Structures are given as structure tokens and as C-alpha cells.
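So this one's input.csv, CSV, C-alpha atoms:
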chain,number,residue,atom,x,y,z
A,239,MET,CA,0.0,0.0,0.0
A,240,ALA,CA,1.3,3.5,-0.9
A,241,GLU,CA,2.3,5.7,2.0
A,242,GLN,CA,-0.3,8.3,2.8
A,243,PRO,CA,0.7,11.9,2.0
A,244,ALA,CA,1.3,14.3,4.9
A,245,PRO,CA,-1.7,16.2,6.0
A,246,LEU,CA,-2.2,19.4,4.0
A,247,SER,CA,-3.5,22.6,5.7
A,248,ILE,CA,-4.3,26.2,4.8
A,249,LEU,CA,-3.2,29.5,6.2
A,250,ASP,CA,-5.4,32.4,5.3
A,251,LEU,CA,-4.7,36.2,5.6
A,252,SER,CA,-8.2,37.2,4.4
A,253,PRO,CA,-6.6,39.3,1.6
A,254,VAL,CA,-8.3,42.2,0.0
A,255,SER,CA,-7.9,42.7,-3.7
A,256,GLU,CA,-7.7,46.0,-5.5
A,257,GLY,CA,-11.2,47.4,-6.0
A,258,SER,CA,-12.7,45.1,-3.4
A,259,THR,CA,-13.6,45.6,0.3
A,260,PRO,CA,-12.8,44.1,3.7
A,261,ALA,CA,-16.4,42.7,3.9
A,262,VAL,CA,-15.9,40.9,0.6
A,263,ALA,CA,-12.5,39.5,1.8
A,264,LEU,CA,-14.1,38.2,5.0
A,265,ARG,CA,-16.9,36.5,3.1
A,266,ASN,CA,-14.3,35.0,0.8
A,267,THR,CA,-12.5,33.5,3.8
A,268,LEU,CA,-15.7,31.8,4.9
A,269,ASP,CA,-16.3,30.5,1.4
A,270,LEU,CA,-12.7,29.2,1.1
A,271,ALA,CA,-13.0,27.5,4.5
A,272,ARG,CA,-16.1,25.7,3.5
A,273,ARG,CA,-14.5,24.6,0.2
A,274,ALA,CA,-11.3,23.6,2.0
A,275,GLU,CA,-13.3,21.2,4.1
A,276,GLU,CA,-14.8,19.7,1.0
A,277,PHE,CA,-11.3,19.4,-0.6
A,278,GLY,CA,-10.0,17.4,2.4
A,279,TYR,CA,-7.7,20.0,4.0
A,280,HIS,CA,-6.8,19.1,7.6
A,281,ARG,CA,-6.7,22.6,9.2
A,282,TYR,CA,-7.7,26.1,8.3
A,283,TRP,CA,-5.7,28.7,10.1
A,284,VAL,CA,-6.0,32.5,10.0
A,285,ALA,CA,-3.1,34.9,10.6
A,286,GLU,CA,-3.0,38.0,12.9
A,287,HIS,CA,-1.9,41.2,11.1
A,288,HIS,CA,-2.8,44.8,11.9
A,289,PHE,CA,-3.2,48.1,10.0
A,290,LEU,CA,-2.6,46.5,6.6
A,291,PRO,CA,-4.9,47.8,3.7
A,292,GLY,CA,-4.7,44.5,1.9
A,293,VAL,CA,-5.1,42.1,4.9
A,294,VAL,CA,-8.0,42.0,7.3
A,295,SER,CA,-7.3,39.0,9.5
A,296,SER,CA,-6.7,41.2,12.5
A,297,SER,CA,-8.9,39.4,15.0
A,298,PRO,CA,-8.2,35.7,14.9
A,299,ALA,CA,-10.5,34.5,17.6
A,300,VAL,CA,-13.5,36.3,16.1
A,301,LEU,CA,-12.8,35.0,12.7
A,302,ILE,CA,-12.1,31.5,13.9
A,303,GLY,CA,-15.6,31.5,15.5
A,304,ALA,CA,-17.2,32.5,12.2
A,305,ILE,CA,-15.2,29.8,10.3
A,306,ALA,CA,-16.0,27.1,12.8
A,307,ALA,CA,-19.7,27.9,12.6
A,308,ALA,CA,-19.5,27.8,8.8
A,309,THR,CA,-17.8,24.4,8.7
A,310,SER,CA,-18.4,21.1,10.5
A,311,ARG,CA,-15.2,19.0,10.6
A,312,ILE,CA,-12.0,20.8,9.6
A,313,ARG,CA,-9.8,22.0,12.5
A,314,VAL,CA,-9.7,25.8,12.8
A,315,GLY,CA,-7.0,27.9,14.4
A,316,SER,CA,-4.6,30.8,14.6
A,317,GLY,CA,-1.4,31.2,12.8
A,318,ALA,CA,-0.6,32.9,15.1
A,319,VAL,CA,-2.0,34.9,18.0
A,320,GLN,CA,0.5,37.7,18.7
A,321,LEU,CA,1.2,37.2,22.4
A,322,GLY,CA,3.0,40.5,22.8
A,323,HIS,CA,-0.3,42.3,22.3
A,324,GLN,CA,-2.5,40.6,24.9
A,325,THR,CA,-2.3,38.7,28.2
A,326,ALA,CA,-2.2,34.9,28.5
A,327,ALA,CA,-5.5,35.0,30.4
A,328,ALA,CA,-7.2,36.9,27.6
A,329,VAL,CA,-5.9,34.4,25.0
A,330,VAL,CA,-7.0,31.4,27.1
A,331,GLU,CA,-10.5,32.8,27.7
A,332,ALA,CA,-11.0,33.6,24.0
A,333,PHE,CA,-9.9,30.2,22.8
A,334,GLY,CA,-11.5,28.5,25.7
A,335,THR,CA,-14.8,29.9,24.5
A,336,LEU,CA,-14.1,28.7,21.0
A,337,ALA,CA,-13.1,25.2,22.2
A,338,GLU,CA,-16.3,24.9,24.3
A,339,LEU,CA,-18.4,25.8,21.3
A,340,TYR,CA,-16.5,23.7,18.8
A,341,PRO,CA,-14.9,20.9,20.8
A,342,GLY,CA,-12.0,18.9,19.2
A,343,ARG,CA,-11.6,21.4,16.4
A,344,ILE,CA,-9.7,24.4,17.8
A,345,ASP,CA,-6.0,25.1,17.4
A,346,LEU,CA,-4.3,27.8,19.4
A,347,GLY,CA,-1.2,28.8,17.4
A,348,ILE,CA,0.9,31.4,19.3
A,349,GLY,CA,3.7,33.7,18.2
A,350,ARG,CA,6.2,36.1,19.7
A,351,SER,CA,5.7,39.2,17.6
A,352,GLY,CA,5.3,41.8,20.3
A,353,GLN,CA,8.5,40.8,22.1
A,354,ARG,CA,10.1,40.2,18.7
A,355,ARG,CA,9.5,43.8,17.7
A,356,GLN,CA,11.4,45.1,20.6
A,357,GLU,CA,14.2,42.6,20.1
A,358,MET,CA,14.7,43.3,16.4
A,359,ALA,CA,16.3,46.7,17.1
A,360,ARG,CA,18.8,45.1,19.6
A,361,GLN,CA,19.6,42.3,17.2
A,362,GLN,CA,21.1,44.7,14.6
A,363,THR,CA,24.1,45.1,16.9
A,364,GLN,CA,24.1,41.7,18.6
A,365,ALA,CA,25.9,39.5,16.0
A,366,GLY,CA,25.7,36.5,18.4
A,367,SER,CA,21.9,36.5,18.6
A,368,PRO,CA,20.3,33.4,17.1
A,369,ASP,CA,17.9,35.7,15.2
A,370,ALA,CA,20.6,38.3,14.2
A,371,VAL,CA,21.0,39.0,10.5
A,372,LYS,CA,24.1,37.3,9.2
A,373,PRO,CA,25.5,37.7,5.7
A,374,THR,CA,24.8,34.4,3.9
A,375,GLY,CA,24.3,33.9,0.2
A,376,PRO,CA,21.6,31.7,-1.4
A,377,ARG,CA,22.2,27.9,-1.4
A,378,THR,CA,20.3,24.7,-2.0
A,379,VAL,CA,19.8,22.1,0.7
A,380,ASN,CA,18.4,18.7,-0.3
A,381,GLY,CA,16.9,20.4,-3.4
A,382,LEU,CA,15.3,23.2,-1.4
A,383,LEU,CA,16.3,26.8,-2.2
A,384,ILE,CA,17.5,28.7,0.9
A,385,PRO,CA,17.9,32.3,-0.1
A,386,ALA,CA,20.1,35.0,1.4
A,387,ARG,CA,18.8,36.5,4.6
A,388,PHE,CA,16.6,39.5,4.4
A,389,SER,CA,17.4,42.4,6.8
A,390,PHE,CA,14.5,44.2,8.4
A,391,ALA,CA,16.8,47.1,9.6
A,392,HIS,CA,15.1,49.7,7.3
A,393,LEU,CA,11.7,48.8,8.7
A,394,LEU,CA,12.9,49.6,12.2
A,395,ARG,CA,13.5,53.1,11.1
A,396,SER,CA,10.0,53.6,9.8
A,397,PRO,CA,7.8,56.0,11.7
A,398,ARG,CA,4.8,53.9,10.7
A,399,PHE,CA,6.4,50.8,12.4
A,400,ALA,CA,6.7,52.7,15.7
A,401,VAL,CA,3.2,54.2,15.6
A,402,GLN,CA,1.5,50.9,14.9
A,403,GLY,CA,3.5,49.2,17.6
A,404,ALA,CA,2.4,51.8,20.1
A,405,LEU,CA,-1.3,51.4,19.1
A,406,LEU,CA,-1.2,47.7,20.0
A,407,GLN,CA,0.0,48.3,23.5
A,408,GLN,CA,-1.5,49.9,26.6
A,409,PRO,CA,0.5,53.0,27.5
A,410,GLY,CA,3.5,52.0,29.6
A,411,ALA,CA,2.9,48.3,29.1
A,412,GLU,CA,5.8,45.9,28.9
A,413,VAL,CA,5.8,42.7,26.9
A,414,PRO,CA,6.3,39.7,29.3
A,415,ASP,CA,8.9,37.1,28.7
A,416,PHE,CA,7.7,34.7,26.0
A,417,PRO,CA,8.5,31.4,27.8
A,418,GLY,CA,6.6,32.7,30.8
A,419,GLN,CA,3.6,33.6,28.7
A,420,VAL,CA,3.5,30.2,27.1
A,421,ASN,CA,3.8,28.5,30.5
A,422,ASP,CA,0.9,30.6,31.8
A,423,ILE,CA,-1.3,29.6,28.9
A,424,LEU,CA,-0.5,25.9,29.4
A,425,ALA,CA,-1.2,26.2,33.2
A,426,LEU,CA,-4.5,28.1,32.7
A,427,LEU,CA,-5.6,25.5,30.1
A,428,ALA,CA,-4.6,22.6,32.5
A,429,GLY,CA,-6.2,24.3,35.5
A,430,THR,CA,-2.8,24.3,37.4
A,431,TYR,CA,-2.1,28.1,37.4
A,432,GLU,CA,-1.1,29.5,40.7
A,433,SER,CA,0.4,32.8,41.8
A,434,ASP,CA,1.4,33.8,45.3
A,435,GLY,CA,-0.4,30.7,46.6
A,436,ILE,CA,-3.6,31.6,44.9
A,437,ALA,CA,-5.1,29.3,42.3
A,438,VAL,CA,-6.8,30.8,39.3
A,439,GLN,CA,-9.3,29.1,36.9
A,440,ALA,CA,-9.9,30.5,33.5
A,441,MET,CA,-13.6,30.2,32.6
A,442,PRO,CA,-14.0,29.2,29.9
A,443,GLY,CA,-10.6,27.8,29.3
A,444,THR,CA,-9.6,25.4,32.0
A,445,GLY,CA,-9.8,21.8,30.8
A,446,VAL,CA,-10.8,22.6,27.2
A,447,ASP,CA,-9.5,20.6,24.3
A,448,ALA,CA,-7.5,23.2,22.4
A,449,GLN,CA,-4.3,22.1,20.6
A,450,VAL,CA,-1.5,24.6,21.4
A,451,TRP,CA,1.2,25.3,18.7
A,452,VAL,CA,4.2,27.6,18.6
A,453,LEU,CA,5.1,29.3,15.3
A,454,GLY,CA,8.6,30.5,14.5
A,455,SER,CA,10.8,31.7,11.7
A,456,SER,CA,14.3,31.1,13.1
A,457,GLY,CA,16.3,29.1,15.4
A,458,GLY,CA,15.6,31.5,18.3
A,459,GLN,CA,13.4,31.5,21.3
A,460,SER,CA,10.1,30.3,19.7
A,461,ALA,CA,11.7,27.1,18.3
A,462,GLN,CA,13.5,26.5,21.6
A,463,VAL,CA,10.4,27.1,23.8
A,464,ALA,CA,8.3,24.8,21.6
A,465,GLY,CA,10.9,22.1,21.8
A,466,ALA,CA,11.5,22.4,25.5
A,467,LEU,CA,7.8,22.2,26.3
A,468,GLY,CA,7.1,19.3,23.9
A,469,LEU,CA,4.7,21.3,21.8
A,470,PRO,CA,4.1,21.0,18.0
A,471,PHE,CA,6.0,23.6,16.0
A,472,ALA,CA,5.1,25.4,12.8
A,473,ALA,CA,8.1,26.7,10.8
A,474,ASN,CA,7.5,29.6,8.5
A,475,TYR,CA,9.2,29.1,5.1
A,476,HIS,CA,6.7,31.5,3.5
A,477,VAL,CA,7.8,34.3,5.8
A,478,SER,CA,11.5,33.6,6.3
A,479,PRO,CA,12.8,31.0,3.9
A,480,ALA,CA,16.4,31.8,4.7
A,481,THR,CA,16.0,30.6,8.3
A,482,THR,CA,13.4,27.8,8.2
A,483,LEU,CA,15.8,24.9,8.4
A,484,GLU,CA,17.6,26.6,11.4
A,485,ALA,CA,14.2,26.8,13.1
A,486,VAL,CA,13.4,23.1,12.7
A,487,ASP,CA,16.9,22.1,13.8
A,488,ALA,CA,16.7,24.2,16.9
A,489,TYR,CA,13.2,22.8,17.7
A,490,ARG,CA,14.5,19.2,17.4
A,491,ALA,CA,17.6,19.9,19.5
A,492,ALA,CA,15.5,21.4,22.3
A,493,PHE,CA,12.7,18.8,22.2
A,494,THR,CA,11.7,17.2,25.4
A,495,PRO,CA,8.8,14.6,25.4
A,496,SER,CA,5.7,15.8,27.0
A,497,GLU,CA,2.1,14.7,27.7
A,498,VAL,CA,1.3,16.2,24.3
A,499,LEU,CA,4.0,14.7,22.2
A,500,ALA,CA,6.4,11.8,22.6
A,501,GLU,CA,8.5,13.1,19.7
A,502,PRO,CA,8.8,16.3,17.6
A,503,TYR,CA,5.9,17.3,15.3
A,504,ILE,CA,6.7,19.9,12.7
A,505,MET,CA,4.5,21.7,10.2
A,506,VAL,CA,6.2,23.8,7.5
A,507,SER,CA,4.5,26.6,5.6
A,508,ALA,CA,4.9,27.7,2.0
A,509,ASP,CA,3.3,30.3,-0.3
A,510,ALA,CA,2.0,28.5,-3.5
A,511,VAL,CA,-0.2,29.3,-6.4
A,512,VAL,CA,-1.5,26.5,-8.6
A,513,GLY,CA,-3.0,26.8,-12.1
A,514,ALA,CA,-4.0,24.3,-14.7
A,515,THR,CA,-0.6,24.8,-16.3
A,516,ASP,CA,2.7,26.4,-15.3
A,517,ASP,CA,2.0,29.4,-17.5
A,518,GLN,CA,-1.5,30.0,-16.1
A,519,ALA,CA,-0.2,29.8,-12.6
A,520,HIS,CA,2.5,32.4,-13.2
A,521,GLU,CA,-0.1,34.7,-14.6
A,522,LEU,CA,-2.2,34.3,-11.4
A,523,ALA,CA,0.8,34.9,-9.2
A,524,ALA,CA,2.1,37.9,-11.1
A,525,GLY,CA,1.0,40.4,-8.5
A,526,TYR,CA,2.8,38.7,-5.6
A,527,GLY,CA,6.1,40.6,-6.0
A,528,MET,CA,4.3,44.0,-5.9
A,529,TRP,CA,2.4,42.8,-2.8
A,530,VAL,CA,5.5,41.7,-1.0
A,531,ARG,CA,7.3,44.9,-2.0
A,532,SER,CA,4.5,47.0,-0.3
A,533,ILE,CA,5.2,45.1,2.9
A,534,ARG,CA,9.0,45.2,2.8
A,535,SER,CA,9.1,48.9,1.9
A,536,GLY,CA,7.2,49.7,5.2
A,537,GLU,CA,4.0,50.9,3.5
A,538,GLY,CA,2.0,47.9,4.7
A,539,ALA,CA,0.5,45.2,2.6
A,540,MET,CA,-1.3,46.8,-0.3
A,541,ARG,CA,-4.6,45.5,-1.8
A,542,PHE,CA,-3.6,42.7,-4.1
A,543,PRO,CA,-2.9,44.3,-7.4
A,544,SER,CA,-5.0,43.8,-10.6
A,545,PRO,CA,-3.4,42.5,-13.8
A,546,ALA,CA,-3.5,46.0,-15.2
A,547,ALA,CA,-1.7,47.4,-12.1
A,548,VAL,CA,1.0,44.7,-12.4
A,549,ALA,CA,1.5,45.4,-16.1
A,550,ALA,CA,1.9,49.1,-15.4
A,551,PHE,CA,4.3,48.8,-12.5
A,552,GLU,CA,8.0,49.8,-13.2
A,553,TRP,CA,10.5,47.8,-11.1
A,554,THR,CA,13.8,49.2,-9.9
A,555,GLY,CA,16.8,47.2,-8.9
A,556,GLU,CA,16.1,48.2,-5.3
A,557,ASP,CA,12.5,47.0,-5.5
A,558,ARG,CA,13.6,43.6,-6.8
A,559,ALA,CA,16.2,43.2,-4.1
A,560,LEU,CA,13.4,43.8,-1.5
A,561,VAL,CA,11.4,40.9,-2.7
A,562,GLU,CA,13.9,38.4,-4.2
A,563,ASP,CA,13.9,35.9,-1.3
A,564,ARG,CA,10.1,35.7,-1.2
A,565,VAL,CA,9.5,35.6,-4.9
A,566,THR,CA,12.1,32.9,-5.6
A,567,THR,CA,10.7,30.7,-2.9
A,568,GLN,CA,7.0,31.0,-3.9
A,569,PHE,CA,5.9,27.7,-5.4
A,570,VAL,CA,4.1,28.5,-8.7
A,571,GLY,CA,2.9,26.1,-11.4
A,572,SER,CA,0.7,23.2,-12.3
A,573,PRO,CA,-0.6,20.8,-9.7
A,574,VAL,CA,2.3,18.4,-10.4
A,575,THR,CA,4.9,21.2,-10.3
A,576,VAL,CA,3.7,22.6,-7.0
A,577,ALA,CA,3.2,19.3,-5.3
A,578,LYS,CA,6.8,18.4,-6.3
A,579,HIS,CA,8.1,21.6,-4.7
A,580,LEU,CA,6.1,21.0,-1.5
A,581,ARG,CA,7.4,17.5,-1.2
A,582,VAL,CA,11.0,18.8,-1.5
A,583,LEU,CA,10.2,21.3,1.3
A,584,GLN,CA,8.6,18.7,3.5
A,585,GLU,CA,11.5,16.3,3.1
A,586,ALA,CA,14.2,19.0,3.6
A,587,ALA,CA,12.5,20.2,6.8
A,588,GLY,CA,11.5,16.7,7.9
A,589,ALA,CA,8.0,18.0,8.4
A,590,ASP,CA,5.0,15.9,9.4
A,591,GLU,CA,2.5,18.4,7.9
A,592,VAL,CA,2.4,21.1,5.2
A,593,LEU,CA,0.7,24.5,5.6
A,594,VAL,CA,-0.1,26.4,2.4
A,595,THR,CA,-1.0,30.1,1.9
A,596,ALA,CA,-2.0,31.7,-1.4
A,597,ILE,CA,-3.1,35.0,-2.7
A,598,THR,CA,-4.5,35.8,-6.2
A,599,TYR,CA,-6.4,38.7,-7.5
A,600,ARG,CA,-9.6,36.8,-8.1
A,601,HIS,CA,-11.2,34.8,-5.2
A,602,GLU,CA,-12.3,32.0,-7.6
A,603,ASP,CA,-8.7,31.5,-8.8
A,604,ARG,CA,-7.5,31.1,-5.2
A,605,VAL,CA,-10.2,28.5,-4.5
A,606,ARG,CA,-9.3,26.7,-7.7
A,607,SER,CA,-5.6,26.8,-6.7
A,608,PHE,CA,-6.4,25.0,-3.4
A,609,GLU,CA,-8.7,22.5,-5.1
A,610,LEU,CA,-6.1,21.5,-7.7
A,611,LEU,CA,-3.4,21.2,-5.1
A,612,ALA,CA,-5.5,19.0,-2.8
A,613,ARG,CA,-6.4,16.7,-5.7
A,614,GLU,CA,-2.8,16.3,-6.8
A,615,TRP,CA,-1.5,16.0,-3.2
A,616,GLY,CA,-4.0,13.1,-2.5
A,617,ARG,CA,-2.5,11.2,-5.5
A,618,SER,CA,1.1,11.7,-4.4
Could you take the file, read its structure, and then write that structure out as C-alpha cells?
Amino acid sequence: MAEQPAPLSILDLSPVSEGSTPAVALRNTLDLARRAEEFGYHRYWVAEHHFLPGVVSSSPAVLIGAIAAATSRIRVGSGAVQLGHQTAAAVVEAFGTLAELYPGRIDLGIGRSGQRRQEMARQQTQAGSPDAVKPTGPRTVNGLLIPARFSFAHLLRSPRFAVQGALLQQPGAEVPDFPGQVNDILALLAGTYESDGIAVQAMPGTGVDAQVWVLGSSGGQSAQVAGALGLPFAANYHVSPATTLEAVDAYRAAFTPSEVLAEPYIMVSADAVVGATDDQAHELAAGYGMWVRSIRSGEGAMRFPSPAAVAAFEWTGEDRALVEDRVTTQFVGSPVTVAKHLRVLQEAAGADEVLVTAITYRHEDRVRSFELLAREWGRS
């Protein structure tokens, strides 16, 4: 009997296309989730991003509730809740509510973005930091392209970056230590939280069946915490392809068996667009470079550009350098082509599951992309 392919899951940003609206984007998310369940996807996760004209997945818990209500079997979760912007108790109560309403279907994916924002500035001068930018050229590892690292130094100097960060925090608030936050979440879910001899129960939250994940892009704290606590780990090749293999290596090195996992469990993400043919897929993905450029330039993710806007855009060498690592690691092509790339990624990372995100100008093309991929993946 042929070996079953690894589970295939979806990460959705609720993208807004040029000429469209947030309301349409959110309805598209619900439609895609329903279709993903029909296609056989294992999970449907939504990201958390703020203040981006072209992305409206800013409130994962609210959106997850709507998706879970619109579907019946597929697991639904966050990829990821940004812990630096809220307390452990608030996260547990929100996801505890979801888990009580939709038992056995809720994933709580958590990330370190708030603390990460503060650390990024320090890392520019700390060459020994695991997350520090190091000058490395592109290379291939087991058939997988590992591009040169991208430096976020210019974003740290953006006034927009500072204003948005301030809006997400209460005045004077300090971001707690990430390992401490994760431990608090686990204790509140397990009903074992205690402080100064006082036990606290999260209601709802204590005892619920919510699967906790940690997401990470490098070999730094997120990967190490996930491993040390024996939690499943999602490595973000679609966000930081240069450091994904470092992330999974650090996770495995730190892994300690837990009540949750006896051995490491890794999901790896990729950005992919599938068309009936390679040429059609490249047409559908043509706006991706412009979209990434809007993020990397500090403007914030633009509404996904129309074919006319793509055709009219004039690229500079500086523009191309901003997006090169992301464009060259996006998997674009026919179902056979993309499935082949995803298998290379899965094998290089030693992943147990694959998480795919995709953006196209037309919603129907995105739905069709996921349909074609699921069909081919099931045959592989």
C-alpha cells in the first residue's frame, strides 16, 4: 500500500484585492474555509496582522468562531496569535470559549511578535543572537532553495512601524517574557495556574480541548520554547525562507517529550499558487512581487494588485532586491509542479504536515488553486 501523503492545511490572511472591500474579503474567507473542508484539508488557520490595507485577519478569535460555525469537521485555528499584544489569560478565555463551542476542532497557534518587535532593534548590533542577520548567500539544501537572509533594519527606522507598535500596547505596558507567557497559557488550560499561593481558573478555558502550537521563523526563542515544552511547531518558510531549516533544527535539538508529544511534530509553511498549467499559474501569481514589496518597503500590505496594475508597474533594482527571497521561494505552477516543490520542502524540513498560503487577484482563482493542489496531493 502506498504511503499516505502528509496532512495538507491552509493559512489564510483574508486578503483584500484592488477594487474590493474588507467585507468581501471576510466573506471570501468563509467561502474558502467551506471549500477547503470539501477538498479534504486538515486545518484552516488564520493569521493575525494589523493596520494593513490588503489584509483583514486582525482578530483571529472572532474570525475562527465564524469559520468554525460555517464548517463542521475541519480544524480551525490561529497562525498565530501575537502574544505580545495581549495577556495569557485573555488568550485562554477567548480560545476556551471557541473550544467549548467547537470541541475537538480548535488550534491555538501562538507567536512572539510583540517581544520580537522590541528585540529586532537590539539584534542589529548583537551578532551573536540566534535571530541576528548574518551575511549568507543563497544555497540549495536537499533540493530546497535557501535564499540570502533579508534584513529588516530599514523597517525599524520607519515612523509607521513605531506608531503601529504603540497602538497595539496599553500606555507603559511591557511585553512579558515569551516562555513565561506560554507556560501561563498551558497552566491556565490545564487548571494548574497559581500565583502567590492563589489558584486561578480560566472560565471558559480550564480543561478545554484546544491544541497549542508555537510558530517560529528562526532558530531563536520560539523554536527553543516549543521544543523544551514538547509542543508542536510550525516553521514559516513562507515568511522567512532563509532561516526555516535553522528553526526546525533548533526545535528538534531542544525537544523534550511531554504529555502532548512523545517526539517532535513539525508543520512547515509555503506560499503557493496552482493553475491548470505552469504558464497560467505564473499569470495568477504575477501580483505577488508587488504585494511583498509593499510590505517590505514599510508601506504595509497593499490590496492585491489587478493584472492592469501589475503590467503598469515599473520595477527598480532596489525593488527587486526587497522581494527576491520571497518571490524565488514562492511555489508557482501546475498541480504536479507545486506538489513536487512542496514534497521537497517537506522532506528538507523533515515535516509531518504542510501548511499552504496563497493570494490571487480573483477569489475564484484562489479557491481553484487549493482545489487543484488538494487533488494532486492526494494522488502523491
- Message: Need the shell around Val262 in chain A: protein/DNA/RNA residues with any atom at most 12 Å away, counting all atoms listed in the file. Skip same-chain ones fewer than 2 positions apart. Format as a PyMOL selection string?
- Response: chain A and resi 252-260+264-269+292-294+600-601
- Within 8 Å of file point (-4.6, 18.9, 4.7), counting only C-alpha atoms, expressed as a ChimeraX atom specification: /A:244-248,278-281,591-593,612
- Message: Could you check the closest approach to Lys578 in chain A for each of A:Val420, A:Ala472, A:Val284, A:Leu382 and tell me which residue wins, using only C-alpha atoms?
- Response: A:Leu382
- Item | Length of the CA of Gly342 in chain A to CA of Thr430 in chain A vector [Å] |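 So the answer is 21.1 Å.
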- Message: Please report the interatomic distance between CA of Tyr475 in chain A and CA of Gln324 in chain A in Å with one decimal.
- Response: 25.7 Å
- Proximity to Val477 in chain A - best of A:Ala549, A:Val594, A:Leu406, A:Ala448, all atoms listed in the file: A:Val594
- Provide the CA of Ala466 in chain A to CA of Pro298 in chain A distance in Å, to one decimal place.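 Rounded to one decimal, the two atoms are 26.0 Å apart.
Minimum atom-to-atom distance to Val319 in chain A, evaluated using all atoms listed in the file, belongs to A:Glu286 out of A:Glu286, A:Glu537, A:Asp447, A:Asp415.
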- With a distance cut-off of 8 Å and all atoms listed in the file, select the neighbouring residues of Asp250 in chain A, excluding the residue or stretch itself and same-chain residues fewer than 4 positions from it, and output the selection as a list in words. Thr267, Tyr282, Trp283, Val284, Ala285, Thr595 and Ala596 of chain A
- Item | Polymer residues at most 12 Å from (5.2, 25.6, 22.8) by all atoms listed in the file, as a PyMOL selection string | chain A and resi 346-350+416-424+449-454+459-472+489+492-496+498-499+502-504
- All residues 9 Å or closer to range 439-442 of chain A, all atoms listed in the file, same chain fewer than 4 positions away omitted, as a list of chain:residue names: A:Ala327, A:Val330, A:Glu331, A:Ala332, A:Phe333, A:Gly334, A:Thr335, A:Leu336, A:Ala337, A:Glu338, A:Leu426, A:Leu427, A:Gly429, A:Thr430, A:Tyr431, A:Val446
